[in-house]
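Have a look at target-v7.tsv; it's TSV, C-alpha atoms:
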```
chain	number	residue	atom	x	y	z
A	208	MET	CA	-143.14	75.63	52.26
A	209	THR	CA	-140.40	72.97	52.38
A	210	ALA	CA	-140.44	70.60	49.47
A	211	VAL	CA	-140.79	66.90	50.09
A	212	PRO	CA	-137.98	65.10	48.23
A	213	GLN	CA	-139.41	63.33	45.20
A	214	SER	CA	-137.84	61.16	42.56
A	215	SER	CA	-138.49	62.21	38.98
A	216	ALA	CA	-140.79	59.21	38.60
A	217	GLU	CA	-142.81	60.21	41.65
A	218	ALA	CA	-143.00	63.83	40.56
A	219	CYS	CA	-144.34	62.84	37.14
A	220	GLU	CA	-146.64	60.05	38.28
A	221	ALA	CA	-150.03	60.48	36.65
A	222	PRO	CA	-153.08	60.91	38.90
A	223	ALA	CA	-155.24	57.83	39.38
A	224	TRP	CA	-158.31	58.96	37.44
A	225	SER	CA	-160.90	56.20	37.66
A	226	ARG	CA	-162.61	57.82	34.69
A	227	ARG	CA	-161.12	60.34	32.29
A	228	PRO	CA	-162.46	63.76	33.41
A	229	ALA	CA	-164.79	65.65	31.07
A	230	ASN	CA	-162.87	68.88	31.68
A	231	LEU	CA	-159.24	67.84	31.34
A	232	ALA	CA	-157.77	71.31	31.90
A	233	ALA	CA	-159.68	71.70	35.19
A	234	ALA	CA	-158.57	68.25	36.34
A	235	VAL	CA	-154.92	68.90	35.47
A	236	THR	CA	-155.11	72.29	37.18
A	237	ALA	CA	-156.53	70.78	40.36
A	238	GLU	CA	-153.79	68.15	40.46
A	239	LEU	CA	-151.05	70.72	39.86
A	240	VAL	CA	-152.45	73.02	42.57
A	241	GLU	CA	-152.22	70.16	45.06
A	242	ARG	CA	-148.68	69.30	43.97
A	243	ILE	CA	-147.50	72.90	44.25
A	244	VAL	CA	-149.06	73.34	47.70
A	245	ARG	CA	-147.58	70.03	48.87
A	246	GLY	CA	-144.16	71.16	47.69
A	247	VAL	CA	-143.74	68.55	44.97
A	248	HIS	CA	-143.01	71.56	42.76
A	249	PRO	CA	-141.50	74.01	45.29
A	250	SER	CA	-141.53	77.78	45.12
A	251	GLY	CA	-138.77	79.15	42.91
A	252	SER	CA	-138.50	75.97	40.87
A	253	PRO	CA	-139.65	75.56	37.28
A	254	LEU	CA	-142.85	73.71	36.58
A	255	PRO	CA	-142.17	70.60	34.47
A	256	SER	CA	-141.97	71.37	30.77
A	257	GLU	CA	-144.96	71.15	28.46
A	258	PRO	CA	-143.90	67.77	26.96
A	259	VAL	CA	-143.40	66.30	30.45
A	260	LEU	CA	-146.80	67.52	31.63
A	261	CYS	CA	-148.43	66.20	28.46
A	262	GLU	CA	-146.90	62.79	29.11
A	263	THR	CA	-147.62	62.87	32.84
A	264	PHE	CA	-151.33	63.54	32.40
A	265	SER	CA	-151.79	61.97	28.95
A	266	VAL	CA	-153.23	65.18	27.58
A	267	SER	CA	-152.56	67.52	24.68
A	268	ARG	CA	-150.45	70.68	24.69
A	269	THR	CA	-153.65	72.70	24.44
A	270	VAL	CA	-154.90	71.23	27.72
A	271	VAL	CA	-151.56	71.84	29.43
A	272	ARG	CA	-151.42	75.44	28.23
A	273	GLU	CA	-154.93	76.09	29.48
A	274	ALA	CA	-154.06	74.56	32.86
A	275	VAL	CA	-150.92	76.69	33.15
A	276	LYS	CA	-152.93	79.79	32.27
A	277	ILE	CA	-155.36	78.99	35.09
A	278	LEU	CA	-152.45	78.47	37.49
A	279	GLN	CA	-151.18	81.93	36.52
A	280	GLU	CA	-154.59	83.43	37.28
A	281	LYS	CA	-154.47	81.80	40.72
A	282	GLY	CA	-151.03	83.30	41.32
A	283	LEU	CA	-149.24	79.95	41.62
A	284	VAL	CA	-146.91	80.32	38.64
A	285	GLN	CA	-145.30	83.00	36.51
A	286	VAL	CA	-144.09	82.59	32.95
A	287	ARG	CA	-140.62	84.11	32.67
A	288	GLN	CA	-138.90	84.75	29.37
A	289	GLY	CA	-136.02	82.33	29.01
A	290	ALA	CA	-136.68	80.63	32.36
A	291	GLY	CA	-139.93	78.83	31.67
A	292	THR	CA	-142.89	78.62	34.03
A	293	MET	CA	-141.75	79.23	37.62
A	294	VAL	CA	-143.63	78.33	40.78
A	295	THR	CA	-144.28	81.45	42.87
A	296	PRO	CA	-143.89	81.94	46.65
A	297	PRO	CA	-147.00	81.27	48.79
A	298	ALA	CA	-147.31	85.02	49.46
A	299	MET	CA	-148.36	85.45	45.83
A	300	TRP	CA	-151.07	82.77	45.84
A	301	ASN	CA	-154.74	83.76	45.68
A	302	MET	CA	-155.96	82.47	49.03
A	303	LEU	CA	-159.56	83.31	48.16
A	304	ASP	CA	-159.42	80.72	45.38
A	305	GLU	CA	-161.29	77.54	46.29
A	306	LEU	CA	-158.65	75.11	45.04
A	307	VAL	CA	-155.72	76.99	46.58
A	308	LEU	CA	-157.41	77.46	49.94
A	309	GLY	CA	-158.68	73.88	50.06
A	310	ALA	CA	-155.27	72.40	49.25
A	311	THR	CA	-153.55	74.67	51.78
A	312	ILE	CA	-155.96	73.71	54.55
A	313	ALA	CA	-155.47	70.03	53.75
A	314	GLU	CA	-151.68	70.36	54.06
A	315	ASP	CA	-151.58	72.63	57.13
A	316	GLU	CA	-151.41	70.39	60.21
A	317	SER	CA	-150.97	73.41	62.49
A	318	LEU	CA	-154.36	74.89	61.41
A	319	ALA	CA	-152.62	78.27	61.07
A	320	ILE	CA	-154.40	78.97	57.78
A	321	LEU	CA	-157.77	78.43	59.45
A	322	ASP	CA	-156.67	80.69	62.31
A	323	HIS	CA	-156.00	83.37	59.71
A	324	LEU	CA	-159.33	82.73	58.02
A	325	VAL	CA	-161.18	83.10	61.33
A	326	ALA	CA	-159.20	86.24	62.18
A	327	THR	CA	-160.25	87.72	58.82
A	328	ARG	CA	-163.89	86.85	59.48
A	329	ARG	CA	-163.62	88.32	62.96
A	330	VAL	CA	-162.32	91.69	61.74
A	331	LEU	CA	-164.86	92.00	58.94
A	332	GLU	CA	-167.88	90.79	60.89
A	333	SER	CA	-167.05	92.90	63.94
A	334	ASP	CA	-167.00	95.98	61.75
A	335	MET	CA	-170.24	94.97	60.06
A	336	ALA	CA	-171.90	94.39	63.46
A	337	ASN	CA	-170.81	97.90	64.44
A	338	VAL	CA	-172.51	99.36	61.38
A	339	ALA	CA	-175.55	97.11	61.72
A	340	ALA	CA	-176.13	98.44	65.24
A	341	ARG	CA	-176.38	101.94	63.78
A	342	LEU	CA	-178.52	101.06	60.77
A	343	ALA	CA	-180.73	98.13	61.83
A	344	ASN	CA	-184.45	98.83	61.69
A	345	ALA	CA	-187.21	97.10	63.64
A	346	GLU	CA	-187.62	94.42	60.98
A	347	VAL	CA	-183.94	93.41	61.15
A	348	ILE	CA	-183.98	93.39	64.94
A	349	ASP	CA	-187.09	91.18	64.96
A	350	GLN	CA	-185.43	88.84	62.48
A	351	LEU	CA	-182.30	88.53	64.62
A	352	ARG	CA	-184.38	87.83	67.71
A	353	SER	CA	-186.34	85.12	65.86
A	354	LEU	CA	-183.10	83.49	64.70
A	355	VAL	CA	-181.65	83.47	68.22
A	356	GLU	CA	-184.85	81.94	69.59
A	357	ARG	CA	-184.84	79.35	66.81
A	358	MET	CA	-181.26	78.38	67.64
A	359	ASP	CA	-182.28	77.88	71.27
A	360	GLU	CA	-184.74	75.28	69.98
A	361	LEU	CA	-182.10	73.53	67.85
A	362	VAL	CA	-179.29	72.97	70.36
A	363	ASP	CA	-179.84	69.20	70.12
A	364	ASP	CA	-179.68	69.28	66.31
A	365	PRO	CA	-176.20	70.66	65.41
A	366	ALA	CA	-176.71	70.39	61.63
A	367	SER	CA	-179.90	72.45	61.66
A	368	TYR	CA	-178.41	74.77	64.27
A	369	GLN	CA	-175.48	75.56	61.96
A	370	GLU	CA	-177.82	76.52	59.12
A	371	VAL	CA	-179.62	79.05	61.33
A	372	ASP	CA	-176.27	80.17	62.74
A	373	ARG	CA	-175.12	81.09	59.23
A	374	ALA	CA	-178.43	82.88	58.60
A	375	PHE	CA	-177.90	84.97	61.76
A	376	HIS	CA	-174.44	86.10	60.68
A	377	ASP	CA	-175.66	86.79	57.15
A	378	THR	CA	-178.52	88.92	58.48
A	379	VAL	CA	-176.05	91.06	60.44
A	380	MET	CA	-173.84	91.43	57.37
A	381	GLN	CA	-176.74	92.38	55.14
A	382	ALA	CA	-177.91	94.92	57.72
A	383	SER	CA	-174.51	96.61	57.55
A	384	GLY	CA	-174.84	97.21	53.81
A	385	ASN	CA	-171.19	96.18	53.30
A	386	ARG	CA	-171.51	94.07	50.17
A	387	ILE	CA	-167.76	93.60	49.73
A	388	GLY	CA	-167.21	92.44	53.32
A	389	ARG	CA	-170.20	90.10	53.08
A	390	ALA	CA	-168.96	88.66	49.78
A	391	VAL	CA	-165.50	87.94	51.24
A	392	VAL	CA	-166.91	86.25	54.35
A	393	ARG	CA	-169.43	84.21	52.36
A	394	SER	CA	-166.71	83.13	49.93
A	395	LEU	CA	-164.46	81.97	52.74
A	396	GLU	CA	-167.29	80.18	54.54
A	397	ARG	CA	-168.47	78.46	51.37
A	398	GLN	CA	-165.02	77.00	50.81
A	399	VAL	CA	-164.58	75.55	54.30
A	400	ILE	CA	-168.10	74.83	55.49
A	401	ASN	CA	-167.74	71.11	54.76
A	402	SER	CA	-164.26	70.87	56.21
A	403	ALA	CA	-164.09	68.80	59.40
A	404	ARG	CA	-161.04	70.81	60.40
A	405	TYR	CA	-163.02	74.05	60.26
A	406	MET	CA	-166.26	72.76	61.77
A	407	GLY	CA	-164.35	70.97	64.54
A	408	ARG	CA	-166.23	70.07	67.69
A	409	THR	CA	-170.00	70.31	67.67
A	410	GLY	CA	-172.73	69.11	69.98
A	411	ARG	CA	-175.30	70.41	72.43
A	412	VAL	CA	-172.85	72.15	74.78
A	413	PHE	CA	-171.18	73.95	71.90
A	414	CYS	CA	-174.54	75.06	70.46
A	415	VAL	CA	-175.74	76.38	73.81
A	416	THR	CA	-172.54	78.35	74.41
A	417	SER	CA	-172.44	79.59	70.83
A	418	ASN	CA	-175.98	80.92	70.99
A	419	GLN	CA	-175.18	82.86	74.13
A	420	GLY	CA	-172.72	84.74	71.95
A	421	HIS	CA	-175.37	85.29	69.28
A	422	ARG	CA	-177.77	86.64	71.90
A	423	ARG	CA	-175.19	89.17	73.10
A	424	VAL	CA	-174.67	90.36	69.52
A	425	TYR	CA	-178.43	90.64	68.98
A	426	GLU	CA	-178.94	92.55	72.24
A	427	ARG	CA	-176.23	95.10	71.40
A	428	ILE	CA	-177.63	95.62	67.89
A	429	ALA	CA	-181.16	95.96	69.28
A	430	ALA	CA	-179.82	98.55	71.74
A	431	HIS	CA	-178.17	100.41	68.82
A	432	ASP	CA	-174.80	100.09	70.57
A	433	PRO	CA	-172.19	99.96	67.75
A	434	LYS	CA	-169.16	99.48	69.98
A	435	GLY	CA	-170.90	96.85	72.08
A	436	ALA	CA	-172.10	94.99	69.00
A	437	ALA	CA	-168.59	94.93	67.51
A	438	GLU	CA	-167.08	93.68	70.76
A	439	ALA	CA	-169.80	91.03	71.13
A	440	MET	CA	-169.20	89.75	67.59
A	441	PHE	CA	-165.42	89.75	68.07
A	442	THR	CA	-165.74	87.73	71.27
A	443	HIS	CA	-168.32	85.35	69.84
A	444	ILE	CA	-166.28	84.44	66.74
A	445	THR	CA	-163.10	84.04	68.79
A	446	GLU	CA	-164.64	81.86	71.48
A	447	ALA	CA	-166.60	79.70	69.04
A	448	TRP	CA	-163.45	78.94	67.02
A	449	VAL	CA	-161.36	78.20	70.10
A	450	VAL	CA	-163.90	75.52	71.09
A	451	ARG	CA	-164.26	74.08	67.57
A	452	ARG	CA	-160.50	74.08	67.04
A	453	SER	CA	-159.63	72.09	70.14
A	454	GLY	CA	-159.87	68.34	70.56
A	455	PRO	CA	-161.69	66.80	73.53
A	456	GLY	CA	-160.12	68.08	76.70
A	457	GLU	CA	-157.54	70.07	74.76
A	458	PRO	CA	-158.33	73.80	74.97
A	459	THR	CA	-156.34	75.88	72.54
A	460	ARG	CA	-155.73	79.49	71.68
A	461	LEU	CA	-156.47	81.35	68.49
A	462	ARG	CA	-153.42	82.61	66.63
A	463	ARG	CA	-153.40	86.38	66.26
```
Represent the structure of the file as structure tokens.
Amino acid sequence: MTAVPQSSAEACEAPAWSRRPANLAAAVTAELVERIVRGVHPSGSPLPSEPVLCETFSVSRTVVREAVKILQEKGLVQVRQGAGTMVTPPAMWNMLDELVLGATIAEDESLAILDHLVATRRVLESDMANVAARLANAEVIDQLRSLVERMDELVDDPASYQEVDRAFHDTVMQASGNRIGRAVVRSLERQVINSARYMGRTGRVFCVTSNQGHRRVYERIAAHDPKGAAEAMFTHITEAWVVRRSGPGEPTRLRR
């Protein structure tokens, strides 16, 4: 990521905390994550020294050290003997971390990071739909049918529709038995569910079209058609994101 030129004063400007945070290390960490992602402290450059960070945030060395340790755990910095604390390349960042992902989404005008997030969901959920079609019992199939029918009733209430939408996807994931895949998808969703950039366009037309995709997934699972279920889920996630991603009258394509 290209760094935005900053004067030393701008780079060290303290955050405007209206009230001193209870957890200073967490607050300093969050601010430094944003600065690193924005390029204030670019990859390959040293993080400001401990005394500078102490002065910048008006905190103790203990707080700064704890914040730097957390940044290391997130993959944003490395402590190198004789070189200090260096900012790492974006390829080393933990993109499943809430702060890192949130800051990256906020800075990414191209929405490429959300394209990648959706592509990850698509791969995992398609595979889980495949397995669910082989393993789903009558109870799961009845539950999926009830959720699809409920969404048909909620097309004029996007907020409620989205809650049932998430329940439908979660039911498919649970039916697959893939706890790791489900955990990854749920983690990603939890971190972006309130993001206007991710939720994009909503409304009756979107809900109606979206639930057609859900119905195709349900029908293929009910028919115990693994390949068909995987294809239906792949298509549904792709098409739903293409619509949400685009502005009014501006169809767009999902990055692959």
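Nearest to Gly251 of chain A of all the residues A:Met293, A:Ala237, A:Val424, A:Leu231 is A:Met293, counting only C-alpha atoms.
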One-decimal distance in Å that lies between atom CA of Trp448 of chain A and atom CA of Asn344 of chain A: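 Atom-to-atom, atom CA of Asn344 of chain A to atom CA of Trp448 of chain A, that is 29.4 Å.
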For a test of reading the model, state the distance in Å between atom CA of Val362 of chain A and atom CA of Arg411 of chain A, rounded to one decimal.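 Pair atom CA of Val362 of chain A / atom CA of Arg411 of chain A returns 5.2 Å.
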A:Val392, A:Ile277, A:Ile243, A:Val379 ranked by distance to Tyr425 of chain A, top pick (using only C-alpha atoms):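 The shortest atom-to-atom distance to Tyr425 of chain A comes from A:Val379.
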Report as a ChimeraX atom specification all protein, DNA and RNA residues lying within 12 Å of Asn401 of chain A, evaluated on all atoms listed in the file, omitting residues in the same chain fewer than 6 positions from it. /A:309,366,369,395,407
Quick one: write out the picked residues with C-alpha atoms as a PDB file, keeping the file's coordinate frame?
```pdb
ATOM      1  CA  GLY A 309    -158.680  73.880  50.060  1.00  0.00           C
ATOM      2  CA  ALA A 366    -176.710  70.390  61.630  1.00  0.00           C
ATOM      3  CA  GLN A 369    -175.480  75.560  61.960  1.00  0.00           C
ATOM      4  CA  LEU A 395    -164.460  81.970  52.740  1.00  0.00           C
ATOM      5  CA  GLY A 407    -164.350  70.970  64.540  1.00  0.00           C
TER       6      GLY A 407
END
```
Which residue gives the smallest distance to Ala447 of chain A among A:Pro255, A:Gly291, A:Gly420, A:Gly435, with all atoms listed in the file counted?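 Among the listed residues, the smallest separation from Ala447 of chain A belongs to A:Gly420.
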Provide the atom CA of Ala345 of chain A to atom CA of Arg389 of chain A distance in Å, to one decimal place.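 Interatomic distance here is 21.2 Å.
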Looking at only C-alpha atoms, which of A:Gly410, A:Tyr405, A:His323, A:Arg393 is the one that sits closest to Leu361 of chain A? A:Gly410
At a cut-off of 12 Å around the point (-166.5, 73.5, 51.5) (file coordinates), what residues fall inside when counting only C-alpha atoms? I'd like the answer as a ChimeraX atom specification. /A:304-306,308-310,312-313,393-406
Write out as a VMD selection string the residues lying within 12 Å of Lys276 of chain A, counting all atoms listed in the file and excluding same-chain residues fewer than 3 positions away. chain A and resid 232 to 233 235 to 236 239 269 to 273 279 to 286 292
Selected residues, C-alpha atoms, written as a tab-separated table (two decimals), in the coordinates of the input, please.
```tsv
chain	number	residue	atom	x	y	z
A	232	ALA	CA	-157.77	71.31	31.90
A	233	ALA	CA	-159.68	71.70	35.19
A	235	VAL	CA	-154.92	68.90	35.47
A	236	THR	CA	-155.11	72.29	37.18
A	239	LEU	CA	-151.05	70.72	39.86
A	269	THR	CA	-153.65	72.70	24.44
A	270	VAL	CA	-154.90	71.23	27.72
A	271	VAL	CA	-151.56	71.84	29.43
A	272	ARG	CA	-151.42	75.44	28.23
A	273	GLU	CA	-154.93	76.09	29.48
A	279	GLN	CA	-151.18	81.93	36.52
A	280	GLU	CA	-154.59	83.43	37.28
A	281	LYS	CA	-154.47	81.80	40.72
A	282	GLY	CA	-151.03	83.30	41.32
A	283	LEU	CA	-149.24	79.95	41.62
A	284	VAL	CA	-146.91	80.32	38.64
A	285	GLN	CA	-145.30	83.00	36.51
A	286	VAL	CA	-144.09	82.59	32.95
A	292	THR	CA	-142.89	78.62	34.03
```
Test item: which residues lie within 10 Å of (-180.5, 93.0, 65.3) counting all atoms listed in the file, as a PDB file with C-alpha atoms, in the frame of the given file:
```
ATOM      1  CA  ALA A 336    -171.900  94.390  63.460  1.00  0.00           C
ATOM      2  CA  ALA A 339    -175.550  97.110  61.720  1.00  0.00           C
ATOM      3  CA  ALA A 340    -176.130  98.440  65.240  1.00  0.00           C
ATOM      4  CA  ARG A 341    -176.380 101.940  63.780  1.00  0.00           C
ATOM      5  CA  LEU A 342    -178.520 101.060  60.770  1.00  0.00           C
ATOM      6  CA  ALA A 343    -180.730  98.130  61.830  1.00  0.00           C
ATOM      7  CA  ASN A 344    -184.450  98.830  61.690  1.00  0.00           C
ATOM      8  CA  ALA A 345    -187.210  97.100  63.640  1.00  0.00           C
ATOM      9  CA  GLU A 346    -187.620  94.420  60.980  1.00  0.00           C
ATOM     10  CA  VAL A 347    -183.940  93.410  61.150  1.00  0.00           C
ATOM     11  CA  ILE A 348    -183.980  93.390  64.940  1.00  0.00           C
ATOM     12  CA  ASP A 349    -187.090  91.180  64.960  1.00  0.00           C
ATOM     13  CA  GLN A 350    -185.430  88.840  62.480  1.00  0.00           C
ATOM     14  CA  LEU A 351    -182.300  88.530  64.620  1.00  0.00           C
ATOM     15  CA  ARG A 352    -184.380  87.830  67.710  1.00  0.00           C
ATOM     16  CA  SER A 353    -186.340  85.120  65.860  1.00  0.00           C
ATOM     17  CA  LEU A 354    -183.100  83.490  64.700  1.00  0.00           C
ATOM     18  CA  PHE A 375    -177.900  84.970  61.760  1.00  0.00           C
ATOM     19  CA  THR A 378    -178.520  88.920  58.480  1.00  0.00           C
ATOM     20  CA  VAL A 379    -176.050  91.060  60.440  1.00  0.00           C
ATOM     21  CA  ALA A 382    -177.910  94.920  57.720  1.00  0.00           C
ATOM     22  CA  ARG A 422    -177.770  86.640  71.900  1.00  0.00           C
ATOM     23  CA  VAL A 424    -174.670  90.360  69.520  1.00  0.00           C
ATOM     24  CA  TYR A 425    -178.430  90.640  68.980  1.00  0.00           C
ATOM     25  CA  GLU A 426    -178.940  92.550  72.240  1.00  0.00           C
ATOM     26  CA  ARG A 427    -176.230  95.100  71.400  1.00  0.00           C
ATOM     27  CA  ILE A 428    -177.630  95.620  67.890  1.00  0.00           C
ATOM     28  CA  ALA A 429    -181.160  95.960  69.280  1.00  0.00           C
ATOM     29  CA  ALA A 430    -179.820  98.550  71.740  1.00  0.00           C
ATOM     30  CA  HIS A 431    -178.170 100.410  68.820  1.00  0.00           C
ATOM     31  CA  ALA A 436    -172.100  94.990  69.000  1.00  0.00           C
TER      32      ALA A 436
END
```
Looking at only C-alpha atoms, which of A:Asp364, A:Glu332, A:Glu356, A:Asp377 is the one that sits closest to Ala439 of chain A? A:Glu332
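With distances taken over all atoms listed in the file, A:Cys414 is the one residue among A:Ile387, A:Cys414, A:Val338, A:Ala274 lying closest to Ser367 of chain A.
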